[in-house]
$ cat start.txt   # compact mmCIF, C-alpha atoms
# COMPACT_ATOMS: atom_id res chain seq x y z
CA MET A 1 0.00 0.00 0.00
CA PRO A 2 1.23 3.49 -0.71
CA GLY A 3 2.76 5.28 2.19
CA PRO A 4 1.63 8.62 3.60
CA VAL A 5 1.97 11.73 1.50
CA PRO A 6 5.23 13.49 2.44
CA PRO A 7 4.97 17.06 3.72
CA ASP A 8 5.79 20.03 1.52
CA GLN A 9 9.49 20.54 1.00
CA PRO A 10 11.21 23.89 0.40
CA PRO A 11 12.53 24.44 -3.12
CA PRO A 12 16.20 23.68 -3.75
CA ALA A 13 18.71 26.47 -3.34
CA SER A 14 19.40 26.51 -7.09
CA TRP A 15 15.75 27.22 -7.88
CA HIS A 16 14.90 30.75 -8.98
CA ARG A 17 11.65 32.47 -9.64
CA PRO A 18 10.75 33.10 -13.27
CA GLU A 19 12.14 36.26 -14.73
CA HIS A 20 9.78 39.22 -14.78
CA PRO A 21 8.97 40.35 -18.31
CA LEU A 22 10.35 43.79 -17.52
CA SER A 23 13.56 42.57 -15.89
CA LEU A 24 16.93 43.22 -17.51
CA TRP A 25 17.35 39.62 -18.62
CA ARG A 26 19.09 40.62 -21.84
CA TRP A 27 22.18 41.64 -19.85
CA ARG A 28 22.37 38.44 -17.77
CA GLY A 29 24.43 35.37 -18.46
CA ASN A 30 21.71 33.56 -20.36
CA PRO A 31 23.19 30.99 -22.77
CA LEU A 32 20.29 31.68 -25.15
CA CYS A 33 20.93 35.42 -25.15
CA ARG A 34 22.31 36.50 -28.51
CA ARG A 35 24.28 39.60 -29.33
CA THR A 36 21.27 41.02 -31.18
CA ASP A 37 19.20 40.59 -28.00
CA ARG A 38 21.69 42.70 -26.07
CA ILE A 39 21.70 45.29 -28.86
CA GLN A 40 17.91 45.44 -28.78
CA GLY A 41 17.98 45.85 -25.02
CA TRP A 42 20.46 48.71 -25.17
CA ILE A 43 18.42 50.40 -27.89
CA ALA A 44 15.28 50.14 -25.75
CA LEU A 45 17.10 51.54 -22.73
CA GLY A 46 18.62 54.38 -24.73
CA LEU A 47 15.28 55.37 -26.26
CA LEU A 48 13.57 55.07 -22.89
CA VAL A 49 15.96 57.69 -21.52
CA LEU A 50 16.37 59.85 -24.62
CA VAL A 51 12.81 60.11 -25.94
CA PRO A 52 11.17 61.67 -22.83
CA CYS A 53 13.99 64.22 -22.52
CA LEU A 54 13.89 65.09 -26.21
CA ALA A 55 10.09 65.23 -26.17
CA ALA A 56 10.11 67.62 -23.20
CA VAL A 57 12.68 69.91 -24.85
CA THR A 58 10.76 69.88 -28.15
CA ALA A 59 7.45 70.58 -26.42
CA THR A 60 8.96 73.51 -24.50
CA ALA A 61 10.49 74.96 -27.67
CA ALA A 62 7.19 74.57 -29.55
CA ARG A 63 5.25 76.21 -26.73
CA ASP A 64 7.62 79.20 -26.56
CA THR A 65 7.71 79.63 -30.35
CA VAL A 66 3.94 79.46 -30.76
CA SER A 67 3.38 81.71 -27.75
CA ASP A 68 5.75 84.36 -29.14
CA HIS A 69 4.10 84.13 -32.57
CA TYR A 70 0.53 84.57 -31.36
CA ARG A 71 1.56 87.25 -28.87
CA ALA A 72 2.98 89.22 -31.79
CA VAL A 73 -0.23 88.59 -33.73
CA ALA A 74 -2.32 89.84 -30.80
CA GLU A 75 -0.19 92.98 -30.49
CA HIS A 76 -0.59 93.67 -34.22
CA GLN A 77 -4.36 93.17 -33.93
CA ALA A 78 -4.51 95.54 -30.97
CA ARG A 79 -2.72 98.24 -33.01
CA SER A 80 -4.73 97.77 -36.20
CA ARG A 81 -8.24 97.17 -34.83
CA TYR A 82 -10.58 99.61 -33.14
CA PHE A 83 -13.51 99.28 -30.75
CA THR A 84 -16.21 101.63 -31.90
CA PRO A 85 -19.76 102.25 -30.64
CA ALA A 86 -22.60 100.88 -32.76
CA VAL A 87 -26.37 101.41 -32.60
CA LEU A 88 -28.88 98.56 -33.02
CA VAL A 89 -31.13 99.02 -36.05
CA HIS A 90 -33.84 96.71 -34.61
CA ASP A 91 -34.64 94.85 -31.41
CA ALA A 92 -32.71 91.73 -30.48
CA PRO A 93 -34.69 88.56 -29.61
CA ARG A 94 -35.70 88.32 -25.95
CA HIS A 95 -35.28 84.55 -25.51
CA PRO A 96 -33.80 83.51 -23.17
CA GLU A 97 -35.04 86.01 -20.60
CA PRO A 98 -32.58 88.91 -20.26
CA GLY A 99 -30.64 88.71 -17.01
CA SER A 100 -31.09 84.92 -16.64
CA PRO A 101 -28.05 82.61 -16.32
CA GLU A 102 -28.74 81.24 -19.80
CA ALA A 103 -28.70 84.73 -21.29
CA ARG A 104 -25.13 85.27 -20.13
CA HIS A 105 -23.90 82.78 -22.73
CA THR A 106 -26.43 83.51 -25.50
CA ARG A 107 -25.85 86.01 -28.30
CA TYR A 108 -27.99 86.92 -31.31
CA PRO A 109 -26.80 88.44 -34.62
CA VAL A 110 -28.44 91.80 -35.28
CA THR A 111 -27.84 94.68 -37.67
CA VAL A 112 -26.04 97.70 -36.23
CA ARG A 113 -25.05 101.09 -37.57
CA TYR A 114 -21.65 102.61 -36.85
CA THR A 115 -19.07 105.09 -38.12
CA ASP A 116 -15.81 103.63 -39.46
CA PRO A 117 -12.35 105.15 -38.79
CA LEU A 118 -12.61 107.14 -42.06
CA GLY A 119 -15.83 108.83 -40.90
CA HIS A 120 -18.21 106.88 -43.14
CA GLU A 121 -21.50 105.58 -41.74
CA ARG A 122 -21.85 101.84 -42.29
CA THR A 123 -23.99 98.89 -41.24
CA ALA A 124 -22.98 95.38 -40.29
CA ARG A 125 -24.19 92.40 -38.30
CA THR A 126 -22.78 91.57 -34.91
CA GLU A 127 -23.80 89.40 -31.97
CA VAL A 128 -25.40 91.08 -28.97
CA GLU A 129 -27.08 90.07 -25.72
CA PRO A 130 -30.76 89.07 -25.87
CA GLY A 131 -33.37 91.72 -25.17
CA LEU A 132 -31.51 94.80 -26.42
CA ARG A 133 -33.90 97.26 -28.07
CA GLY A 134 -33.41 99.08 -31.31
CA GLY A 135 -31.47 102.29 -30.75
CA SER A 136 -29.40 100.77 -27.93
CA THR A 137 -25.65 101.23 -28.10
CA THR A 138 -23.23 98.32 -28.21
CA GLY A 139 -19.58 97.91 -29.18
CA LEU A 140 -18.07 96.61 -32.40
CA TRP A 141 -14.48 95.75 -33.36
CA VAL A 142 -13.46 96.97 -36.82
CA ASP A 143 -10.20 96.88 -38.77
CA ALA A 144 -8.39 99.79 -40.40
CA ASP A 145 -10.77 99.63 -43.41
CA GLY A 146 -13.82 99.80 -41.17
CA SER A 147 -14.92 96.20 -41.74
CA PRO A 148 -16.10 94.18 -38.72
CA ALA A 149 -13.31 92.10 -37.22
CA ARG A 150 -12.69 89.80 -34.31
CA PRO A 151 -11.30 91.36 -31.12
CA PRO A 152 -7.56 91.01 -30.48
CA MET A 153 -6.58 87.52 -29.43
CA PRO A 154 -6.87 87.22 -25.63
CA ALA A 155 -4.09 85.83 -23.44
CA ALA A 156 -6.15 82.74 -22.57
CA GLU A 157 -6.43 81.78 -26.25
CA ILE A 158 -2.69 82.30 -26.73
CA ARG A 159 -1.94 79.98 -23.82
CA SER A 160 -4.42 77.39 -25.10
CA ARG A 161 -2.91 77.35 -28.59
CA ALA A 162 0.64 77.19 -27.23
CA LEU A 163 -0.28 74.28 -24.96
CA GLY A 164 -1.96 72.44 -27.83
CA TRP A 165 1.15 72.72 -30.02
CA ALA A 166 3.35 71.66 -27.10
CA LEU A 167 1.28 68.50 -26.56
CA LEU A 168 1.33 67.80 -30.29
CA ALA A 169 5.13 68.16 -30.38
CA PHE A 170 5.52 65.87 -27.36
CA ALA A 171 3.29 63.22 -28.96
CA ALA A 172 5.14 63.49 -32.29
CA VAL A 173 8.54 62.87 -30.68
CA THR A 174 7.12 59.95 -28.68
CA VAL A 175 5.62 58.35 -31.79
CA ALA A 176 8.90 58.89 -33.64
CA GLY A 177 10.78 57.11 -30.84
CA ILE A 178 8.38 54.17 -30.99
CA ALA A 179 8.80 54.03 -34.78
CA VAL A 180 12.61 54.03 -34.43
CA TYR A 181 12.47 51.16 -31.93
CA ASP A 182 10.08 49.19 -34.14
CA GLY A 183 12.35 49.71 -37.16
CA CYS A 184 15.42 48.57 -35.21
CA CYS A 185 13.55 45.47 -34.02
CA ARG A 186 12.57 44.59 -37.57
CA ILE A 187 16.17 44.94 -38.75
CA LEU A 188 17.45 42.76 -35.90
CA LEU A 189 14.72 40.20 -36.56
CA ARG A 190 15.74 39.92 -40.22
CA ARG A 191 19.34 39.52 -39.13
CA ASN A 192 18.37 36.76 -36.69
CA SER A 193 16.41 35.00 -39.40
CA ALA A 194 19.40 35.14 -41.74
CA GLU A 195 21.69 33.73 -39.02
CA TRP A 196 19.19 30.94 -38.29
CA ASP A 197 19.07 30.06 -41.99
CA GLU A 198 22.87 29.91 -42.15
CA ALA A 199 23.06 27.78 -38.99
CA TRP A 200 20.41 25.40 -40.29
CA ALA A 201 22.18 25.14 -43.63
CA ARG A 202 25.21 23.84 -41.74
CA THR A 203 23.30 21.65 -39.26
CA GLY A 204 20.35 20.41 -41.31
CA PRO A 205 22.25 17.91 -43.48
CA ARG A 206 23.55 16.10 -40.38
CA TRP A 207 19.99 15.63 -39.07
CA SER A 208 18.71 14.29 -42.38
CA ARG A 209 21.38 11.58 -42.85
CA PHE A 210 20.56 7.94 -42.13
CA PRO A 211 22.78 6.13 -39.60
$ encode --input "start.txt" --output "structure tokens"
Amino acid sequence: MPGPVPPDQPPPASWHRPEHPLSLWRWRGNPLCRRTDRIQGWIALGLLVLVPCLAAVTATAARDTVSDHYRAVAEHQARSRYFTPAVLVHDAPRHPEPGSPEARHTRYPVTVRYTDPLGHERTARTEVEPGLRGGSTTGLWVDADGSPARPPMPAAEIRSRALGWALLAFAAVTVAGIAVYDGCCRILLRRNSAEWDEAWARTGPRWSRFP
């Protein structure tokens, strides 16, 4: 009859836990580790250090460049555009109720009459708050020719655009780093395949011979 089941025994001293997928096994004394594996590991490590640094520098440069550009644009707009009073030709719609929270974010296009920088009386359409009556006075931005124009670019919009370009630059450098690593891996894989073919060409005939 079979004897009793022996108790659990501790693992031998030579036993090791499996390697973690993220461990630096490519640099260890693994007999199956090829030179191309070590090259791939060093490439991955180099890109892991280089890409974030390069992406941060590129993003900062893009943010500063875009910020300077749009700040200059805003300054030019402030010099070449004018805020002039304009009179409503007709009543603006009253919905939503004037003074309500919804009305703070609602604007309606109406026709207004104003005098351009050259002294000519003109009409145009601009957005105003709901409930304004005809004959009320509002403000209108015009350019040097007297045509309606957008107000000068505010600082918040400049910061938003600069941040958007900075994020785009950071993502572009990151994607480029991933593409470089993928290309290097493909080259190393083709080299491994060629070495395997050469090794099999030397070893295969010995396996196919009859004793």
$ residues_near_point --input "start.txt" --point "(-34.7, 86.1, -29.2)" --cutoff "9 Å" --atoms "only C-alpha atoms" --output "ChimeraX atom specification"
/A:92-97,107-108,130-131
$ residues_around --input "start.txt" --residues "Thr60 of chain A" --least-positions-apart "6" --cutoff "9 Å" --atoms "all atoms listed in the file" --output "list in words"
Ala166, Ala169 and Phe170 of chain A
$ write_last_selection --input "start.txt" --atoms "C-alpha atoms" --output "mmCIF file, in the frame of the given file"
data_model
loop_
_atom_site.group_PDB
_atom_site.id
_atom_site.type_symbol
_atom_site.label_atom_id
_atom_site.label_comp_id
_atom_site.auth_asym_id
_atom_site.auth_seq_id
_atom_site.Cartn_x
_atom_site.Cartn_y
_atom_site.Cartn_z
ATOM 1 C CA ALA A 166 3.350 71.660 -27.100
ATOM 2 C CA ALA A 169 5.130 68.160 -30.380
ATOM 3 C CA PHE A 170 5.520 65.870 -27.360
#
$ closest_residue --input "start.txt" --among "A:His120, A:Arg150, A:Arg125, A:Arg34" --to "Val89 of chain A" --atoms "only C-alpha atoms"
A:Arg125
$ residues_around --input "start.txt" --residues "Ala62 of chain A" --least-positions-apart "4" --cutoff "10 Å" --atoms "only C-alpha atoms" --output "MDAnalysis selection string"
chainID A and resid 56:58 66:68 162:170
$ closest_residue --input "start.txt" --among "A:Cys184, A:Trp200, A:Ala155, A:His76" --to "Gly41 of chain A" --atoms "only C-alpha atoms"
A:Cys184
$ residues_around --input "start.txt" --residues "Leu189 of chain A" --least-positions-apart "5" --cutoff "10 Å" --atoms "all atoms listed in the file" --output "list of chain:residue names"
A:Thr36, A:Asp37, A:Gln40, A:Gly183, A:Cys184, A:Ala194, A:Glu195
$ atom_distance --input "start.txt" --atom1 "atom CA of Arg113 of chain A" --atom2 "atom CA of Glu157 of chain A"
29.1 Å
$ atom_distance --input "start.txt" --atom1 "atom CA of Thr138 of chain A" --atom2 "atom CA of Ala86 of chain A"
5.3 Å
$ residues_around --input "start.txt" --residues "Tyr181 of chain A" --least-positions-apart "5" --cutoff "9 Å" --atoms "only C-alpha atoms" --output "tab-separated table (two decimals) with C-alpha atoms, in the coordinates of the input"
chain	number	residue	atom	x	y	z
A	40	GLN	CA	17.91	45.44	-28.78
A	43	ILE	CA	18.42	50.40	-27.89
A	44	ALA	CA	15.28	50.14	-25.75
A	47	LEU	CA	15.28	55.37	-26.26
A	176	ALA	CA	8.90	58.89	-33.64
A	186	ARG	CA	12.57	44.59	-37.57
$ atom_distance --input "start.txt" --atom1 "atom CA of Arg190 of chain A" --atom2 "atom CA of Arg202 of chain A"
18.7 Å
$ closest_residue --input "start.txt" --among "A:Val180, A:Ala171, A:Asp145, A:Arg161" --to "Gly119 of chain A" --atoms "all atoms listed in the file"
A:Asp145
$ residues_around --input "start.txt" --residues "Ala149 of chain A" --least-positions-apart "3" --cutoff "9 Å" --atoms "only C-alpha atoms" --output "list in words"
Arg81, Tyr82, Leu140, Trp141, Val142, Asp143, Gly146 and Pro152 of chain A
$ closest_residue --input "start.txt" --among "A:Thr137, A:Ala72, A:Pro52, A:Arg122" --to "Val87 of chain A" --atoms "only C-alpha atoms"
A:Thr137
$ build_atoms --input "start.txt" --residues "segment 96-116 of chain A" --atoms "N, CA and C atoms" --output "mmCIF file, in the frame of the given file"
data_model
loop_
_atom_site.group_PDB
_atom_site.id
_atom_site.type_symbol
_atom_site.label_atom_id
_atom_site.label_comp_id
_atom_site.auth_asym_id
_atom_site.auth_seq_id
_atom_site.Cartn_x
_atom_site.Cartn_y
_atom_site.Cartn_z
ATOM 1 N N PRO A 96 -33.205 83.676 -24.501
ATOM 2 C CA PRO A 96 -33.800 83.510 -23.170
ATOM 3 C C PRO A 96 -34.018 84.847 -22.471
ATOM 4 N N GLU A 97 -34.690 84.804 -21.335
ATOM 5 C CA GLU A 97 -35.040 86.010 -20.600
ATOM 6 C C GLU A 97 -33.791 86.812 -20.255
ATOM 7 N N PRO A 98 -33.744 88.093 -20.607
ATOM 8 C CA PRO A 98 -32.580 88.910 -20.260
ATOM 9 C C PRO A 98 -32.307 88.906 -18.758
ATOM 10 N N GLY A 99 -31.033 88.749 -18.416
ATOM 11 C CA GLY A 99 -30.640 88.710 -17.010
ATOM 12 C C GLY A 99 -30.598 87.308 -16.435
ATOM 13 N N SER A 100 -31.121 86.293 -17.139
ATOM 14 C CA SER A 100 -31.090 84.920 -16.640
ATOM 15 C C SER A 100 -29.704 84.325 -16.850
ATOM 16 N N PRO A 101 -29.368 83.242 -16.115
ATOM 17 C CA PRO A 101 -28.050 82.610 -16.320
ATOM 18 C C PRO A 101 -27.821 82.149 -17.749
ATOM 19 N N GLU A 102 -28.896 81.702 -18.418
ATOM 20 C CA GLU A 102 -28.740 81.240 -19.800
ATOM 21 C C GLU A 102 -28.401 82.395 -20.732
ATOM 22 N N ALA A 103 -28.929 83.587 -20.422
ATOM 23 C CA ALA A 103 -28.700 84.730 -21.290
ATOM 24 C C ALA A 103 -27.254 85.205 -21.267
ATOM 25 N N ARG A 104 -26.516 84.855 -20.222
ATOM 26 C CA ARG A 104 -25.130 85.270 -20.130
ATOM 27 C C ARG A 104 -24.265 84.647 -21.218
ATOM 28 N N HIS A 105 -24.697 83.486 -21.722
ATOM 29 C CA HIS A 105 -23.900 82.780 -22.730
ATOM 30 C C HIS A 105 -24.577 82.785 -24.099
ATOM 31 N N THR A 106 -25.687 83.498 -24.241
ATOM 32 C CA THR A 106 -26.430 83.510 -25.500
ATOM 33 C C THR A 106 -26.249 84.849 -26.194
ATOM 34 N N ARG A 107 -25.974 84.808 -27.495
ATOM 35 C CA ARG A 107 -25.850 86.010 -28.300
ATOM 36 C C ARG A 107 -26.650 85.825 -29.589
ATOM 37 N N TYR A 108 -27.210 86.954 -30.089
ATOM 38 C CA TYR A 108 -27.990 86.920 -31.310
ATOM 39 C C TYR A 108 -27.384 87.889 -32.329
ATOM 40 N N PRO A 109 -27.294 87.503 -33.597
ATOM 41 C CA PRO A 109 -26.800 88.440 -34.620
ATOM 42 C C PRO A 109 -27.872 89.462 -34.983
ATOM 43 N N VAL A 110 -27.523 90.729 -34.915
ATOM 44 C CA VAL A 110 -28.440 91.800 -35.280
ATOM 45 C C VAL A 110 -27.680 92.803 -36.160
ATOM 46 N N THR A 111 -28.426 93.646 -36.837
ATOM 47 C CA THR A 111 -27.840 94.680 -37.670
ATOM 48 C C THR A 111 -27.585 95.931 -36.826
ATOM 49 N N VAL A 112 -26.400 96.483 -36.963
ATOM 50 C CA VAL A 112 -26.040 97.700 -36.230
ATOM 51 C C VAL A 112 -25.518 98.743 -37.205
ATOM 52 N N ARG A 113 -25.557 99.975 -36.763
ATOM 53 C CA ARG A 113 -25.050 101.090 -37.570
ATOM 54 C C ARG A 113 -23.921 101.754 -36.801
ATOM 55 N N TYR A 114 -22.817 102.036 -37.512
ATOM 56 C CA TYR A 114 -21.650 102.610 -36.850
ATOM 57 C C TYR A 114 -20.899 103.497 -37.830
ATOM 58 N N THR A 115 -19.915 104.232 -37.306
ATOM 59 C CA THR A 115 -19.070 105.090 -38.120
ATOM 60 C C THR A 115 -17.665 104.507 -38.150
ATOM 61 N N ASP A 116 -17.127 104.253 -39.341
ATOM 62 C CA ASP A 116 -15.810 103.630 -39.460
ATOM 63 C C ASP A 116 -14.705 104.663 -39.184
#
